[in-house]
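Comments concern the structure below.
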Amino acid sequence: MNPHIRVEHLYKVFGPRPQRALQAAHDGADRAEIQQRFGNVLAVDDVSFEVGRGELFVVMGLSGSGKSTVVRMLNHLIEPTAGSVEIDGQRVEDLEPAGLRRLRAQKMSMVFQHFALFPHRTVGQNAAYGLAVQGVDEPERSRRAGQALETVGLSGWADRYADELSGGMQQRVGLARALATDADVLLMDEPFSALDPLIRRDMQDLLVTLQSEMHRTIVFITHDLNEAMRLGDRICVLKDGRVVQIGTGPEIIGDPANDYVAEFVADVDRSRVLTADLAMREPRRSFTPDAGPREVLDWLDEQEFNGVYVLGDDRRVLGVARDDRLARGIREGAAAIGDLLTQDYARASADTLLSDLAGLAAQHTVPIAVLDDNGRLLGVVPRARLLAALAGEEAHVDA
Ligand SMILES: Nc1ncnc2c1ncn2[C@@H]1O[C@H](COP(=O)(O)OP(=O)(O)O)[C@@H](O)[C@H]1O
Ligand SMILES: [Mg+2]
């Protein structure tokens, strides 16, 4: 299937006589060398990537790494020095002025960090702005703007003035403006960077929720790795205008392309990126319900946990045999563990975040069970292994 956005060998050189600098860049000169030899800024240096339809693609890098220039070249707000951009298989450089206007107004909506709300217009008018640009008439404009405001949790605010709103609410209006247009690509350039951390977190959650319903294609820019990890289906890491790595959050954390990325991800909150499948292992042993309680208890005595999963057909979990119950069963003459099981154990699925496992691990003394949708045991996460995974040592631990 065709990608929604395809970027191939994109370059941007700022400053006079860019072709000279471009030639040097083609020959391998990096940003620092170009700056020194020609005085030009090599803002974007051979960037290629593809974004699938409905994907939330994050471009991440420090300030100055070329993120904004890349995103502005997608709709040619900035003219590339070389390379090509295709949207839906259509090369943007081939578009006539009218086609380019249509692309910007209808196909791609932009949200900026400090996008301009008109302070003396109402929230409703601000949300409808993109539609007005598209030539959508009243009352259709109001209706769709109202819907978008409702989506971002601002219904009832349409008649207030923009400058009456807090920063976080203003950013919601910006989001509503972008959503109202029906554009199937959203370009978001650090839209949450100016917000304080809690509001920012809310906005990230809101975007994730909205995206799970609307499945637009989103190119989201951030300099914040945690934000990138939280939002991105995939992340493209830029440094000095070049792509250093493209991958999912867990791929980048688990296998950084070089020392630069490794250092960058060193202090990311791993617990909010990595999932149970990365920390789980095969259970050392499992039992069937006909096993004798003495045998199981003797085995448990040698383990650092005090219960073991009992499996039926298909590895379906029937329950946990816990040492205290087994001991009581033995005193009462039970023949098999099947009657002694408890359902008091922690369950997770393969994609449960480690941060959520940490809460579960604190409440249970039996390793967490990782189950598939049919209740079959995929693996277990003992506490020691969870701690190791959180510390970034999963490869070396056999807990
Ligand atoms: N219009 C311009 N003229 C000259 N240099 C520019 C221009 N716009 C951006 N740059 C430079 O290009 C580099 C990349 O900038 P930018 O794309 O804004 O990075 P980011 O968005 O990652 O902070 C920076 O060194 C910046 O100073
Ligand atoms: Mg920028």
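Numbering starts fresh at 1 for the residues of each chain in the structure tokens, the chains themselves are lettered A, B, ... in the order given, and ligands are numbered from 1 as they appear.
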
query = Which residues form the shell of 10 Å around ligand 2 when you count only C-alpha atoms and all ligand atoms, given as number ranges by chain?
reply = A: 60-72, 112-113, 189-190, 221-223

Using only C-alpha atoms, determine which residues lie at most 10 Å from Glu8 of chain A, disregarding the query and same-chain residues fewer than 5 positions distant; provide the list as a PDB file with all heavy atoms, in the first residue's frame.
ATOM      1  N   ASP A  46      19.417  15.452   3.743  1.00  0.00           N
ATOM      2  CA  ASP A  46      19.100  14.118   3.224  1.00  0.00           C
ATOM      3  C   ASP A  46      18.092  13.349   4.090  1.00  0.00           C
ATOM      4  O   ASP A  46      18.361  12.234   4.525  1.00  0.00           O
ATOM      5  CB  ASP A  46      20.382  13.303   3.073  1.00  0.00           C
ATOM      6  CG  ASP A  46      20.154  12.074   2.179  1.00  0.00           C
ATOM      7  OD1 ASP A  46      19.138  12.034   1.460  1.00  0.00           O
ATOM      8  OD2 ASP A  46      20.992  11.153   2.227  1.00  0.00           O
ATOM      9  N   VAL A  47      16.949  13.973   4.323  1.00  0.00           N
ATOM     10  CA  VAL A  47      15.920  13.336   5.161  1.00  0.00           C
ATOM     11  C   VAL A  47      14.931  12.553   4.291  1.00  0.00           C
ATOM     12  O   VAL A  47      14.386  13.087   3.323  1.00  0.00           O
ATOM     13  CB  VAL A  47      15.167  14.400   5.994  1.00  0.00           C
ATOM     14  CG1 VAL A  47      13.903  13.814   6.605  1.00  0.00           C
ATOM     15  CG2 VAL A  47      16.083  14.934   7.089  1.00  0.00           C
ATOM     16  N   SER A  48      14.743  11.294   4.620  1.00  0.00           N
ATOM     17  CA  SER A  48      13.765  10.447   3.941  1.00  0.00           C
ATOM     18  C   SER A  48      12.929   9.711   4.984  1.00  0.00           C
ATOM     19  O   SER A  48      13.478   9.228   5.977  1.00  0.00           O
ATOM     20  CB  SER A  48      14.450   9.389   3.062  1.00  0.00           C
ATOM     21  OG  SER A  48      15.256   9.975   2.067  1.00  0.00           O
ATOM     22  N   PHE A  49      11.629   9.663   4.781  1.00  0.00           N
ATOM     23  CA  PHE A  49      10.781   8.812   5.615  1.00  0.00           C
ATOM     24  C   PHE A  49       9.428   8.656   4.952  1.00  0.00           C
ATOM     25  O   PHE A  49       9.104   9.391   4.004  1.00  0.00           O
ATOM     26  CB  PHE A  49      10.616   9.355   7.051  1.00  0.00           C
ATOM     27  CG  PHE A  49      10.055  10.746   7.146  1.00  0.00           C
ATOM     28  CD1 PHE A  49       8.692  10.988   6.983  1.00  0.00           C
ATOM     29  CD2 PHE A  49      10.890  11.826   7.435  1.00  0.00           C
ATOM     30  CE1 PHE A  49       8.170  12.269   7.088  1.00  0.00           C
ATOM     31  CE2 PHE A  49      10.377  13.121   7.535  1.00  0.00           C
ATOM     32  CZ  PHE A  49       9.026  13.345   7.363  1.00  0.00           C
ATOM     33  N   GLU A  50       8.668   7.694   5.423  1.00  0.00           N
ATOM     34  CA  GLU A  50       7.313   7.499   4.934  1.00  0.00           C
ATOM     35  C   GLU A  50       6.366   7.475   6.127  1.00  0.00           C
ATOM     36  O   GLU A  50       6.722   6.957   7.180  1.00  0.00           O
ATOM     37  CB  GLU A  50       7.201   6.169   4.179  1.00  0.00           C
ATOM     38  CG  GLU A  50       8.023   6.154   2.903  1.00  0.00           C
ATOM     39  CD  GLU A  50       7.867   4.865   2.118  1.00  0.00           C
ATOM     40  OE1 GLU A  50       7.284   3.902   2.672  1.00  0.00           O
ATOM     41  OE2 GLU A  50       8.323   4.833   0.966  1.00  0.00           O
ATOM     42  N   ALA A  82      16.399  20.532  -2.363  1.00  0.00           N
ATOM     43  CA  ALA A  82      16.408  19.323  -3.195  1.00  0.00           C
ATOM     44  C   ALA A  82      15.553  18.262  -2.518  1.00  0.00           C
ATOM     45  O   ALA A  82      15.255  18.361  -1.324  1.00  0.00           O
ATOM     46  CB  ALA A  82      17.836  18.808  -3.368  1.00  0.00           C
ATOM     47  N   GLY A  83      15.173  17.269  -3.301  1.00  0.00           N
ATOM     48  CA  GLY A  83      14.391  16.164  -2.756  1.00  0.00           C
ATOM     49  C   GLY A  83      12.920  16.303  -3.091  1.00  0.00           C
ATOM     50  O   GLY A  83      12.506  17.306  -3.679  1.00  0.00           O
ATOM     51  N   SER A  84      12.141  15.310  -2.737  1.00  0.00           N
ATOM     52  CA  SER A  84      10.735  15.372  -3.108  1.00  0.00           C
ATOM     53  C   SER A  84       9.813  14.970  -1.963  1.00  0.00           C
ATOM     54  O   SER A  84      10.189  14.220  -1.062  1.00  0.00           O
ATOM     55  CB  SER A  84      10.467  14.481  -4.324  1.00  0.00           C
ATOM     56  OG  SER A  84      10.252  13.159  -3.912  1.00  0.00           O
ATOM     57  N   VAL A  85       8.615  15.515  -2.024  1.00  0.00           N
ATOM     58  CA  VAL A  85       7.550  15.187  -1.068  1.00  0.00           C
ATOM     59  C   VAL A  85       6.352  14.713  -1.871  1.00  0.00           C
ATOM     60  O   VAL A  85       5.941  15.386  -2.824  1.00  0.00           O
ATOM     61  CB  VAL A  85       7.136  16.432  -0.247  1.00  0.00           C
ATOM     62  CG1 VAL A  85       5.982  16.091   0.674  1.00  0.00           C
ATOM     63  CG2 VAL A  85       8.315  16.981   0.540  1.00  0.00           C
ATOM     64  N   GLU A  86       5.838  13.560  -1.499  1.00  0.00           N
ATOM     65  CA  GLU A  86       4.605  13.071  -2.130  1.00  0.00           C
ATOM     66  C   GLU A  86       3.522  12.947  -1.078  1.00  0.00           C
ATOM     67  O   GLU A  86       3.749  12.393  -0.015  1.00  0.00           O
ATOM     68  CB  GLU A  86       4.824  11.661  -2.707  1.00  0.00           C
ATOM     69  CG  GLU A  86       5.374  11.621  -4.100  1.00  0.00           C
ATOM     70  CD  GLU A  86       5.605  10.183  -4.553  1.00  0.00           C
ATOM     71  OE1 GLU A  86       4.877   9.285  -4.066  1.00  0.00           O
ATOM     72  OE2 GLU A  86       6.516   9.980  -5.359  1.00  0.00           O
TER      73      GLU A  86
END

Extract, using only C-alpha atoms, all DNA, RNA and protein residues at most 9 Å from Val152 of chain A, discarding same-chain residues fewer than 5 positions from it, and format them as a PDB file with C-alpha atoms, in the first residue's frame.
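Result saved to around.pdb:
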ATOM      1  CA  GLN A 147     -18.576  19.884  16.849  1.00  0.00           C
ATOM      2  CA  ARG A 172      -7.501  23.264  22.615  1.00  0.00           C
ATOM      3  CA  VAL A 173      -9.085  25.860  20.349  1.00  0.00           C
ATOM      4  CA  LEU A 175      -6.595  21.792  18.001  1.00  0.00           C
ATOM      5  CA  ALA A 176     -10.319  22.268  17.321  1.00  0.00           C
ATOM      6  CA  LEU A 206      -6.665  14.065  24.571  1.00  0.00           C
ATOM      7  CA  LEU A 207      -4.724  13.693  21.336  1.00  0.00           C
ATOM      8  CA  LEU A 210      -9.004  11.599  19.585  1.00  0.00           C
TER       9      LEU A 210
END

ask   = Between A:Val261, A:Leu103, A:Ala21, A:Ile78, which is the closest to ligand 1 once you count only C-alpha atoms and all ligand atoms?
value = A:Ile78

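With only C-alpha atoms and all ligand atoms as the basis for measurement, A:Leu42 is the residue among A:Leu42, A:Met280, A:Val237, A:Leu154 that approaches ligand 1 most closely.
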
task = List every residue of segment 232-367 of chain A that DSSP, applied to the backbone of this structure, places in helix (DSSP H, G or I), and write the result as a ChimeraX atom specification.
result = /A:249-254,259-265,270-272,276-279,293-301,313-315,323-331,337-340,354-363

Select from segment 142-244 of chain A everything DSSP, run on the backbone, classes as strand (DSSP E or B), then give the selection as an mmCIF file with C-alpha atoms, in the first residue's frame.
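Output below, filename part.cif:
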data_model
loop_
_atom_site.group_PDB
_atom_site.id
_atom_site.type_symbol
_atom_site.label_atom_id
_atom_site.label_comp_id
_atom_site.auth_asym_id
_atom_site.auth_seq_id
_atom_site.Cartn_x
_atom_site.Cartn_y
_atom_site.Cartn_z
ATOM 1 C CA TYR A 161 -13.576 35.675 23.511
ATOM 2 C CA VAL A 185 -3.140 15.262 7.527
ATOM 3 C CA LEU A 186 -2.397 17.232 10.693
ATOM 4 C CA LEU A 187 0.990 18.879 10.997
ATOM 5 C CA MET A 188 1.673 19.729 14.613
ATOM 6 C CA ASP A 189 4.805 21.723 15.384
ATOM 7 C CA THR A 217 -2.334 11.033 9.559
ATOM 8 C CA ILE A 218 -0.369 13.161 11.985
ATOM 9 C CA VAL A 219 3.168 14.491 11.806
ATOM 10 C CA PHE A 220 3.913 15.670 15.318
ATOM 11 C CA ILE A 221 7.044 17.586 16.214
ATOM 12 C CA THR A 222 8.578 17.678 19.650
ATOM 13 C CA ARG A 234 6.953 5.689 15.197
ATOM 14 C CA ILE A 235 9.578 8.283 15.948
ATOM 15 C CA CYS A 236 12.139 9.853 13.642
ATOM 16 C CA VAL A 237 15.146 11.189 15.545
ATOM 17 C CA LEU A 238 16.908 14.151 13.910
ATOM 18 C CA LYS A 239 20.336 15.530 14.731
ATOM 19 C CA ARG A 242 20.022 14.342 9.582
ATOM 20 C CA VAL A 243 17.905 11.314 10.414
ATOM 21 C CA VAL A 244 19.666 9.281 13.090
#

message = I'd like the contact shell of Arg17 of chain A - 9 Å cut-off, only C-alpha atoms, skipping same-chain residues fewer than 3 positions apart - returned as a ChimeraX atom specification.
response = /A:13-14,20-21,38,40

Export, as a compact mmCIF listing (two decimals), in the first residue's frame, the selected residues with all heavy atoms.
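Once everything was written out, this is result_4.txt:
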# COMPACT_ATOMS: atom_id res chain seq x y z
N VAL A 13 18.95 24.17 2.30
CA VAL A 13 20.10 25.02 2.59
C VAL A 13 19.59 26.46 2.67
O VAL A 13 18.97 26.94 1.72
CB VAL A 13 21.15 24.94 1.46
CG1 VAL A 13 22.34 25.85 1.78
CG2 VAL A 13 21.61 23.50 1.27
N PHE A 14 19.80 27.13 3.79
CA PHE A 14 19.46 28.55 3.89
C PHE A 14 20.68 29.38 3.54
O PHE A 14 21.82 28.96 3.78
CB PHE A 14 19.02 28.89 5.33
CG PHE A 14 17.65 28.37 5.68
CD1 PHE A 14 17.50 27.32 6.61
CD2 PHE A 14 16.51 28.91 5.11
CE1 PHE A 14 16.25 26.84 6.94
CE2 PHE A 14 15.24 28.44 5.44
CZ PHE A 14 15.11 27.40 6.36
N ARG A 20 25.81 25.40 -4.31
CA ARG A 20 27.20 25.06 -3.95
C ARG A 20 27.23 24.20 -2.70
O ARG A 20 27.85 23.17 -2.62
CB ARG A 20 27.93 26.35 -3.57
CG ARG A 20 28.78 26.98 -4.56
CD ARG A 20 29.45 28.22 -3.96
NE ARG A 20 28.86 28.70 -2.70
CZ ARG A 20 29.36 29.68 -1.98
NH1 ARG A 20 30.46 30.29 -2.36
NH2 ARG A 20 28.78 30.06 -0.88
N ALA A 21 26.50 24.71 -1.68
CA ALA A 21 26.48 24.02 -0.39
C ALA A 21 25.79 22.66 -0.53
O ALA A 21 26.21 21.67 0.08
CB ALA A 21 25.77 24.87 0.65
N PHE A 38 31.00 27.66 3.55
CA PHE A 38 30.16 28.52 2.71
C PHE A 38 29.36 29.55 3.49
O PHE A 38 28.77 30.45 2.91
CB PHE A 38 29.18 27.67 1.89
CG PHE A 38 29.83 26.56 1.13
CD1 PHE A 38 29.74 25.25 1.57
CD2 PHE A 38 30.55 26.84 -0.03
CE1 PHE A 38 30.34 24.22 0.86
CE2 PHE A 38 31.15 25.81 -0.74
CZ PHE A 38 31.06 24.50 -0.30
N ASN A 40 26.58 28.91 4.75
CA ASN A 40 25.16 28.52 4.65
C ASN A 40 24.77 27.64 5.82
O ASN A 40 25.60 26.97 6.41
CB ASN A 40 24.91 27.71 3.37
CG ASN A 40 25.09 28.53 2.11
OD1 ASN A 40 26.18 28.55 1.54
ND2 ASN A 40 24.06 29.22 1.69
